[in-house]
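Data from final.tsv: TSV, C-alpha atoms and all ligand atoms
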chain	number	residue	atom	x	y	z
A	198	MET	CA	-24.47	18.31	20.93
A	199	PHE	CA	-24.32	14.58	21.36
A	200	LYS	CA	-26.48	11.66	22.46
A	201	LEU	CA	-25.39	8.77	24.62
A	202	GLY	CA	-25.24	5.61	22.53
A	203	MET	CA	-23.97	2.05	23.00
A	204	MET	CA	-21.68	1.49	25.97
A	205	GLY	CA	-22.38	5.08	27.09
A	206	MET	CA	-20.53	6.37	24.00
A	207	ARG	CA	-21.14	10.04	23.17
A	208	ILE	CA	-22.52	10.13	19.62
A	209	ALA	CA	-22.87	13.17	17.37
A	210	ASN	CA	-22.68	11.24	14.07
A	211	THR	CA	-25.76	9.06	14.50
A	212	GLU	CA	-26.11	7.97	10.85
A	213	GLN	CA	-22.45	7.00	10.64
A	214	ALA	CA	-22.74	5.08	13.92
A	215	GLN	CA	-25.72	3.18	12.47
A	216	ALA	CA	-23.91	2.39	9.21
A	217	TRP	CA	-20.64	1.30	10.80
A	218	ASN	CA	-22.46	-0.75	13.44
A	219	GLY	CA	-24.66	-2.25	10.72
A	220	TYR	CA	-23.86	-3.92	7.40
A	221	GLU	CA	-20.94	-1.63	6.45
A	222	GLY	CA	-19.00	-2.24	9.67
A	223	THR	CA	-19.76	-5.96	9.78
A	224	HIS	CA	-18.55	-6.28	6.17
A	225	TRP	CA	-15.25	-4.53	6.99
A	226	ALA	CA	-14.86	-6.69	10.12
A	227	ASP	CA	-15.63	-9.97	8.32
A	228	HIS	CA	-13.37	-9.07	5.37
A	229	HIS	CA	-10.66	-7.17	7.24
A	230	ASP	CA	-7.79	-8.85	5.40
A	231	ARG	CA	-9.38	-8.10	2.06
A	232	TRP	CA	-10.10	-4.45	2.92
A	233	ASN	CA	-6.56	-4.03	4.24
A	234	THR	CA	-5.26	-5.31	0.90
A	235	VAL	CA	-7.43	-2.77	-0.93
A	236	VAL	CA	-6.27	0.26	1.07
A	237	SER	CA	-2.82	-0.60	2.47
A	238	GLY	CA	-0.99	0.83	-0.57
A	239	ILE	CA	-1.09	4.17	1.24
A	240	ASN	CA	0.56	2.86	4.45
A	241	ASP	CA	4.18	3.67	3.59
A	242	GLU	CA	3.43	7.28	2.63
A	243	LEU	CA	1.15	7.76	5.63
A	244	PHE	CA	3.70	6.43	8.10
A	245	ALA	CA	6.61	8.29	6.48
A	246	ALA	CA	4.66	11.54	6.87
A	247	ALA	CA	3.59	10.72	10.45
A	248	ALA	CA	7.23	10.17	11.53
A	249	ILE	CA	6.17	8.34	14.69
A	250	GLY	CA	8.96	8.13	17.28
A	251	GLN	CA	9.66	5.00	19.30
A	252	ASP	CA	8.37	6.64	22.53
A	253	ALA	CA	5.30	8.26	20.98
A	254	GLU	CA	1.74	8.19	22.28
A	255	VAL	CA	-0.27	7.72	19.10
A	256	LEU	CA	-3.99	8.19	18.50
A	257	ASP	CA	-5.51	6.43	15.45
A	258	VAL	CA	-8.81	8.12	14.55
A	259	GLY	CA	-11.47	5.93	12.96
A	260	CYS	CA	-9.07	3.00	13.36
A	261	GLY	CA	-11.55	0.40	12.09
A	262	THR	CA	-10.11	-3.10	12.39
A	263	GLY	CA	-6.83	-1.59	13.53
A	264	GLN	CA	-4.13	-2.39	10.98
A	265	THR	CA	-2.67	1.13	11.20
A	266	THR	CA	-3.01	1.13	15.01
A	267	ARG	CA	-0.97	-2.06	15.15
A	268	LEU	CA	1.63	-0.60	12.80
A	269	ALA	CA	1.78	2.52	14.98
A	270	ALA	CA	2.19	0.38	18.12
A	271	ARG	CA	5.05	-1.52	16.49
A	272	THR	CA	6.75	1.73	15.50
A	273	ALA	CA	6.19	3.34	18.92
A	274	HIS	CA	7.49	0.24	20.68
A	275	HIS	CA	8.42	2.20	23.82
A	276	GLY	CA	5.20	4.18	23.58
A	277	HIS	CA	1.59	3.31	22.99
A	278	ALA	CA	-1.12	3.37	20.32
A	279	THR	CA	-4.81	3.99	20.95
A	280	GLY	CA	-7.41	3.33	18.25
A	281	VAL	CA	-10.79	5.03	18.51
A	282	ASP	CA	-13.77	4.09	16.37
A	283	LEU	CA	-17.55	4.15	16.60
A	284	SER	CA	-17.95	0.67	15.06
A	285	GLY	CA	-18.46	-2.13	17.59
A	286	PRO	CA	-17.87	-5.01	15.12
A	287	MET	CA	-14.68	-3.44	13.77
A	288	LEU	CA	-13.29	-2.87	17.27
A	289	VAL	CA	-13.98	-6.50	18.21
A	290	ARG	CA	-11.89	-7.54	15.17
A	291	ALA	CA	-9.20	-4.96	16.01
A	292	ARG	CA	-8.77	-6.27	19.57
A	293	ALA	CA	-8.74	-9.90	18.43
A	294	THR	CA	-6.08	-9.33	15.76
A	295	ALA	CA	-3.85	-7.33	18.12
A	296	ALA	CA	-4.10	-10.17	20.67
A	297	GLU	CA	-3.38	-12.80	17.97
A	298	GLU	CA	-0.28	-10.83	16.96
A	299	GLY	CA	0.84	-10.44	20.61
A	300	ILE	CA	0.86	-6.65	20.52
A	301	THR	CA	0.52	-5.34	24.06
A	302	ASN	CA	1.12	-1.57	23.73
A	303	VAL	CA	-2.18	-1.00	21.96
A	304	ARG	CA	-5.75	-0.38	23.07
A	305	PHE	CA	-9.01	0.19	21.26
A	306	GLU	CA	-11.78	2.45	22.55
A	307	PRO	CA	-15.32	2.96	21.28
A	308	GLY	CA	-15.93	6.62	20.50
A	309	ASP	CA	-17.19	9.21	18.04
A	310	ALA	CA	-14.02	11.24	17.45
A	311	GLN	CA	-16.06	14.42	17.00
A	312	VAL	CA	-17.17	14.41	20.66
A	313	HIS	CA	-15.09	11.71	22.37
A	314	PRO	CA	-13.70	12.85	25.75
A	315	PHE	CA	-10.03	12.29	24.83
A	316	PRO	CA	-7.46	12.95	27.56
A	317	GLU	CA	-6.41	16.56	26.99
A	318	GLY	CA	-2.90	16.77	25.53
A	319	GLY	CA	-2.56	13.00	25.90
A	320	PHE	CA	-1.08	12.25	22.46
A	321	ASP	CA	2.03	13.26	20.51
A	322	VAL	CA	0.62	12.36	17.13
A	323	ALA	CA	-2.79	11.56	15.67
A	324	ILE	CA	-3.07	9.49	12.50
A	325	SER	CA	-5.91	8.24	10.37
A	326	ARG	CA	-6.21	6.14	7.23
A	327	GLY	CA	-9.53	7.22	5.83
A	328	GLY	CA	-11.34	7.46	9.16
A	329	ILE	CA	-11.83	11.24	9.16
A	330	MET	CA	-14.08	11.92	6.13
A	331	PHE	CA	-17.37	11.10	7.81
A	332	PHE	CA	-17.80	13.92	10.35
A	333	ALA	CA	-21.02	15.98	10.26
A	334	ASP	CA	-19.03	18.89	11.72
A	335	PRO	CA	-15.40	18.40	10.62
A	336	ALA	CA	-14.09	21.61	12.23
A	337	ALA	CA	-15.54	20.55	15.60
A	338	ALA	CA	-14.19	17.02	15.15
A	339	PHE	CA	-10.65	18.14	14.25
A	340	ALA	CA	-10.74	20.67	17.13
A	341	ASN	CA	-11.62	17.79	19.45
A	342	ILE	CA	-8.74	15.73	18.03
A	343	GLY	CA	-6.51	18.80	18.45
A	344	ARG	CA	-7.43	18.99	22.15
A	345	ALA	CA	-6.20	15.42	22.48
A	346	LEU	CA	-2.76	16.46	21.16
A	347	ARG	CA	0.01	17.98	23.24
A	348	PRO	CA	1.21	21.49	22.25
A	349	ASP	CA	2.91	21.21	18.84
A	350	GLY	CA	1.42	17.73	18.47
A	351	ARG	CA	1.08	16.50	14.91
A	352	LEU	CA	-1.83	15.29	12.83
A	353	THR	CA	-1.27	13.07	9.77
A	354	PHE	CA	-4.05	11.50	7.78
A	355	ALA	CA	-4.87	10.00	4.40
A	356	CYS	CA	-8.12	10.91	2.67
A	357	LEU	CA	-9.34	10.45	-0.88
A	358	ARG	CA	-8.94	12.97	-3.69
A	359	GLU	CA	-11.78	13.67	-6.16
A	360	MET	CA	-14.10	10.82	-7.03
A	361	ASP	CA	-13.20	11.01	-10.76
A	362	ARG	CA	-9.56	10.20	-9.98
A	363	ASN	CA	-10.51	7.10	-7.99
A	364	ASP	CA	-11.06	4.32	-10.54
A	365	TRP	CA	-11.39	1.73	-7.81
A	366	PHE	CA	-14.63	3.48	-6.81
A	367	THR	CA	-16.02	4.89	-10.06
A	368	VAL	CA	-15.38	1.95	-12.42
A	369	PRO	CA	-17.23	-0.67	-10.33
A	370	LEU	CA	-20.02	1.73	-9.37
A	371	THR	CA	-20.54	2.90	-12.97
A	372	ALA	CA	-20.79	-0.74	-14.04
A	373	LEU	CA	-23.25	-1.57	-11.28
A	374	LEU	CA	-25.45	1.47	-11.81
A	375	GLY	CA	-25.25	1.41	-15.59
A	376	HIS	CA	-24.25	5.10	-15.48
A	377	LYS	CA	-21.60	7.26	-13.87
A	378	PRO	CA	-22.23	7.92	-10.16
A	379	GLU	CA	-23.35	11.47	-9.63
A	380	PHE	CA	-21.94	13.71	-7.00
A	381	SER	CA	-24.35	16.01	-5.21
A	382	ASP	CA	-23.71	19.61	-6.33
A	383	SER	CA	-25.94	20.86	-3.56
A	384	ALA	CA	-23.93	19.13	-0.81
A	385	PRO	CA	-20.40	18.53	-2.17
A	386	TYR	CA	-18.95	18.33	1.33
A	387	ALA	CA	-21.54	15.96	2.80
A	388	PRO	CA	-19.95	13.40	5.14
A	389	GLY	CA	-18.59	10.55	3.05
A	390	MET	CA	-15.57	9.23	1.22
A	391	PHE	CA	-14.94	12.39	-0.83
A	392	SER	CA	-15.84	15.08	1.72
A	393	LEU	CA	-12.19	16.18	2.05
A	394	ALA	CA	-11.27	15.86	-1.63
A	395	ASP	CA	-10.81	19.63	-2.00
A	396	PRO	CA	-7.44	20.69	-0.51
A	397	GLY	CA	-8.78	24.22	0.03
A	398	ARG	CA	-11.45	22.77	2.26
A	399	ILE	CA	-8.88	20.65	4.13
A	400	ARG	CA	-6.86	23.80	4.85
A	401	GLY	CA	-9.98	25.77	5.85
A	402	VAL	CA	-11.32	23.08	8.17
A	403	LEU	CA	-7.96	22.42	9.85
A	404	SER	CA	-7.19	26.14	10.31
A	405	GLU	CA	-10.62	26.64	11.88
A	406	ALA	CA	-9.94	23.65	14.12
A	407	GLY	CA	-6.70	25.20	15.40
A	408	PHE	CA	-4.00	23.60	13.23
A	409	ARG	CA	-1.13	25.34	11.42
A	410	ASP	CA	1.33	24.35	8.67
A	411	VAL	CA	-1.28	22.33	6.83
A	412	ARG	CA	0.16	20.41	3.86
A	413	ALA	CA	-1.71	18.10	1.50
A	414	VAL	CA	0.48	15.95	-0.75
A	415	PRO	CA	-1.12	13.95	-3.58
A	416	VAL	CA	-0.26	10.26	-3.53
A	417	ASP	CA	-1.39	7.65	-6.05
A	418	THR	CA	-1.61	4.00	-5.11
A	419	ALA	CA	-2.83	0.68	-6.43
A	420	MET	CA	-6.08	-0.41	-4.78
A	421	VAL	CA	-5.79	-4.18	-4.92
A	422	TYR	CA	-9.12	-5.99	-5.03
A	423	GLY	CA	-7.42	-9.32	-5.60
A	424	SER	CA	-9.08	-12.37	-7.12
A	425	ASP	CA	-12.83	-12.89	-7.35
A	426	ALA	CA	-13.12	-9.11	-7.24
A	427	ALA	CA	-16.61	-8.87	-8.73
A	428	ALA	CA	-18.14	-11.05	-6.00
A	429	PHE	CA	-16.32	-9.07	-3.31
A	430	ILE	CA	-17.38	-5.70	-4.73
A	431	LEU	CA	-20.99	-6.87	-5.06
A	432	SER	CA	-21.00	-7.78	-1.37
A	433	THR	CA	-19.78	-4.35	-0.17
A	434	GLY	CA	-22.00	-1.77	1.51
A	435	PRO	CA	-22.03	0.77	-1.38
A	436	ALA	CA	-22.95	-1.96	-3.93
A	437	ARG	CA	-25.71	-3.36	-1.71
A	438	PHE	CA	-27.02	0.16	-1.11
A	439	ASN	CA	-27.13	1.03	-4.80
A	440	LEU	CA	-28.78	-2.26	-5.77
A	441	ARG	CA	-31.21	-2.33	-2.85
A	442	ASP	CA	-34.38	-1.85	-4.92
A	443	VAL	CA	-33.58	-3.98	-7.95
A	444	ASP	CA	-34.71	-7.54	-8.72
A	445	ARG	CA	-32.61	-10.67	-9.19
A	446	SER	CA	-32.29	-10.40	-12.98
A	447	ALA	CA	-31.13	-6.78	-12.72
A	448	ILE	CA	-28.52	-7.86	-10.16
A	449	GLU	CA	-27.34	-10.56	-12.59
A	450	ARG	CA	-26.99	-7.96	-15.36
A	451	ALA	CA	-25.09	-5.68	-12.95
A	452	ARG	CA	-22.76	-8.57	-12.09
A	453	GLU	CA	-22.07	-9.19	-15.79
A	454	ARG	CA	-21.38	-5.48	-16.43
A	455	LEU	CA	-19.08	-5.43	-13.40
A	456	THR	CA	-17.12	-8.53	-14.48
A	457	THR	CA	-16.62	-7.01	-17.94
A	458	ALA	CA	-15.59	-3.62	-16.50
A	459	LEU	CA	-12.97	-5.18	-14.21
A	460	ARG	CA	-11.34	-7.29	-16.93
A	461	PRO	CA	-8.94	-4.59	-18.21
A	462	TYR	CA	-7.63	-4.17	-14.65
A	463	GLU	CA	-6.91	-7.86	-14.10
A	464	GLU	CA	-3.43	-9.27	-14.28
A	465	SER	CA	-2.55	-12.85	-13.26
A	466	GLY	CA	-5.98	-13.16	-11.65
A	467	THR	CA	-5.61	-10.04	-9.51
A	468	VAL	CA	-7.63	-6.87	-10.02
A	469	ARG	CA	-5.70	-3.66	-9.30
A	470	MET	CA	-7.20	-0.24	-9.76
A	471	HIS	CA	-6.13	3.32	-9.23
A	472	GLY	CA	-6.55	5.18	-5.93
A	473	ALA	CA	-5.89	8.90	-5.50
A	474	TRP	CA	-5.22	10.19	-2.00
A	475	TRP	CA	-4.09	13.23	-0.09
A	476	VAL	CA	-1.60	12.65	2.68
A	477	VAL	CA	-2.22	15.58	4.98
A	478	THR	CA	0.05	16.83	7.73
A	479	ALA	CA	-0.63	19.64	10.22
A	480	THR	CA	0.61	20.84	13.58
A	481	LYS	CA	-1.46	21.90	16.55
A	482	ALA	CA	-1.25	25.72	16.64
A	501	LIG	C1	-13.13	3.63	5.50
A	501	LIG	S1	-13.11	2.96	7.11
A	501	LIG	C2	-11.37	3.00	7.49
A	501	LIG	C3	-11.01	2.18	8.69
A	501	LIG	C4	-9.53	2.14	9.04
A	501	LIG	N1	-8.99	3.44	9.31
A	501	LIG	C5	-8.74	1.45	7.94
A	501	LIG	O1	-8.01	2.12	7.21
A	501	LIG	O2	-8.86	0.22	7.81
A	501	LIG	C6	-13.71	4.37	8.04
A	501	LIG	C7	-13.71	4.18	9.53
A	501	LIG	O3	-14.05	5.41	10.17
A	501	LIG	C8	-14.88	5.12	11.27
A	501	LIG	N2	-15.63	6.34	11.62
A	501	LIG	C9	-16.52	7.03	10.85
A	501	LIG	N3	-16.96	8.11	11.52
A	501	LIG	C10	-16.33	8.12	12.73
A	501	LIG	C11	-16.39	8.98	13.87
A	501	LIG	N4	-17.18	10.06	13.89
A	501	LIG	N5	-15.62	8.68	14.94
A	501	LIG	C12	-14.83	7.56	14.95
A	501	LIG	N6	-14.75	6.71	13.90
A	501	LIG	C13	-15.48	6.99	12.80
A	501	LIG	C14	-15.75	3.98	10.77
A	501	LIG	O4	-16.38	3.27	11.81
A	501	LIG	C15	-14.73	3.15	10.01
A	501	LIG	O5	-14.07	2.24	10.86

Show me, as structure tokens, the structure contained in the file I just sent.
Ligand SMILES: C[S@@+](CC[C@H](N)C(=O)[O-])C[C@H]1O[C@@H](n2cnc3c(N)ncnc32)[C@H](O)[C@@H]1O
Amino acid sequence: MFKLGMMGMRIANTEQAQAWNGYEGTHWADHHDRWNTVVSGINDELFAAAAIGQDAEVLDVGCGTGQTTRLAARTAHHGHATGVDLSGPMLVRARATAAEEGITNVRFEPGDAQVHPFPEGGFDVAISRGGIMFFADPAAAFANIGRALRPDGRLTFACLREMDRNDWFTVPLTALLGHKPEFSDSAPYAPGMFSLADPGRIRGVLSEAGFRDVRAVPVDTAMVYGSDAAAFILSTGPARFNLRDVDRSAIERARERLTTALRPYEESGTVRMHGAWWVVTATKA
């Protein structure tokens, strides 16, 4: 089931569409360079696993501001890359950067990948850097992405491993909250950053969605927050959400705890923390 949203977009993931068209998406769009620095440590492993050919038609799912779509377009220089995302502000940034960089074999489409009417069999390979953990119905979403792939088409994505292995997330949030973030035992697979942390679930979801030869390889990267990391982290969606009901003095105390917590990770003015990912590959059955 889906509703028709902005620009006639089919929307099944209404809450995600609200978040990524609200503060969260605007923050990523306004700080696209900074966010790319945080997450781009996974690019080499993701692209090595995707093995994109120079003639390939590539789909980038949840492309955001489009760094990986642009990289895919450069690799598939006789082919084409299409980025799909449900965030209006991030797509505006994606189109602008591609134009600034003079990349012409790329396009960006608004869409909820769970229900988007992709051209059937239109792509050789689908990729995603962290854009596939937010589906309310992941099996339906991956089946829809599978329909967009040609027979034997390949899916390659990066998603996060368990929260406890991801310092870049737990250390700042623990400092801000004053206690360790808790993970919901009642809904461990709720849409969100860690919904595909369990490799058994990845295999189950992808098999149900019609993929075979599913492989999940653990990859560890540096997540580089850069300089002035505390101010940046405090401005992000998760920090704002967790501090939404607290007063000014409590925010000041949270800032102090955060600055102290980041210090051991700072070298020459740059904060680097640990990120734990799966790089997942699968083939359309
Ligand atoms: C963590 S950001 C990653 C963005 C981008 N892949 C990158 O690495 O910079 C997650 C992205 O997934 C997108 N997203 C979430 N749910 C989606 C859905 N159902 N369909 C399409 N995009 C979705 C968000 O709008 C956001 O751009």

Expected answer as a short mmCIF file (atom, residue, chain, number, x, y, z; two decimals) with C-alpha atoms, in the frame of the given file: residues within 7 Å of ligand LIG 501 (chain A), only C-alpha atoms and all ligand atoms:
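Final output, saved to result-v1.cif:
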data_model
loop_
_atom_site.label_atom_id
_atom_site.label_comp_id
_atom_site.auth_asym_id
_atom_site.auth_seq_id
_atom_site.Cartn_x
_atom_site.Cartn_y
_atom_site.Cartn_z
CA ASN A 210 -22.68 11.24 14.07
CA GLN A 213 -22.45 7.00 10.64
CA ALA A 214 -22.74 5.08 13.92
CA TRP A 217 -20.64 1.30 10.80
CA GLY A 222 -19.00 -2.24 9.67
CA TRP A 232 -10.10 -4.45 2.92
CA ASN A 233 -6.56 -4.03 4.24
CA VAL A 236 -6.27 0.26 1.07
CA VAL A 258 -8.81 8.12 14.55
CA GLY A 259 -11.47 5.93 12.96
CA CYS A 260 -9.07 3.00 13.36
CA GLY A 261 -11.55 0.40 12.09
CA THR A 262 -10.11 -3.10 12.39
CA GLY A 263 -6.83 -1.59 13.53
CA GLN A 264 -4.13 -2.39 10.98
CA THR A 265 -2.67 1.13 11.20
CA VAL A 281 -10.79 5.03 18.51
CA ASP A 282 -13.77 4.09 16.37
CA LEU A 283 -17.55 4.15 16.60
CA SER A 284 -17.95 0.67 15.06
CA MET A 287 -14.68 -3.44 13.77
CA GLY A 308 -15.93 6.62 20.50
CA ASP A 309 -17.19 9.21 18.04
CA ALA A 310 -14.02 11.24 17.45
CA GLN A 311 -16.06 14.42 17.00
CA SER A 325 -5.91 8.24 10.37
CA ARG A 326 -6.21 6.14 7.23
CA GLY A 327 -9.53 7.22 5.83
CA GLY A 328 -11.34 7.46 9.16
CA ILE A 329 -11.83 11.24 9.16
CA PHE A 331 -17.37 11.10 7.81
CA PHE A 332 -17.80 13.92 10.35
#

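Atom to atom, atom CA of A:Thr211 and atom CA of A:Asn341 stand 17.3 Å apart.
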
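Atom to atom, atom CA of A:Thr480 and atom CA of A:Thr353 stand 8.9 Å apart.
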
What does the distance from atom CA of A:Ala216 to atom CA of A:Met360 come to in Å, to one decimal?
->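 It comes out at 20.8 Å.
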
Pick out the closest residue to A:Ser404 from this set: A:Ala479, A:Ala372, A:Ala427, A:Ala338. Count all atoms listed in the file.
->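 Of all the options, A:Ala479 lies closest to A:Ser404.
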
For A:Ala473, which residue out of A:Pro314, A:Gly423, A:Gly276, A:Pro415 is the nearest one, using all atoms listed in the file?
->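 With all atoms listed in the file as the atom set, the closest residue is A:Pro415.
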
Which residue out of A:Glu242, A:Glu317, A:Glu463, A:Glu405 has the minimum interatomic distance to A:Ala426 when only C-alpha atoms are used?
->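 Going through A:Glu242, A:Glu317, A:Glu463, A:Glu405 one by one, the smallest distance to A:Ala426 is for A:Glu463.
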
Near A:Asp395, counting all atoms listed in the file, which residues have an atom at most 12 Å away, once you skip same-chain residues fewer than 2 positions from it, shown as a ChimeraX atom specification?
-> /A:330,356-360,385-386,390-393,397-402,413-415,474-475,477

Got a sec to check which residues sit within 10 Å of (-11.0, -13.4, -6.0), counting all atoms listed in the file, and write them as a PyMOL selection string?
-> chain A and resi 231+422-429+466-468

Kindly indicate which residue among A:Thr234, A:Thr301, A:Asn363, A:Asn218 lies nearest to A:Gly434, using all atoms listed in the file for the distances.
-> A:Asn218

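The shortest atom-to-atom distance to A:Thr371, with all atoms listed in the file taken into account, belongs to A:Leu459 out of A:Val476, A:Leu459, A:Ala209, A:Leu268.
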
Between A:Ala293, A:Val368, A:Leu440, A:Leu288, which has the minimum distance to A:Pro461 (counting only C-alpha atoms)?
->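 Looking at the shortest contact to A:Pro461, the residue is A:Val368.
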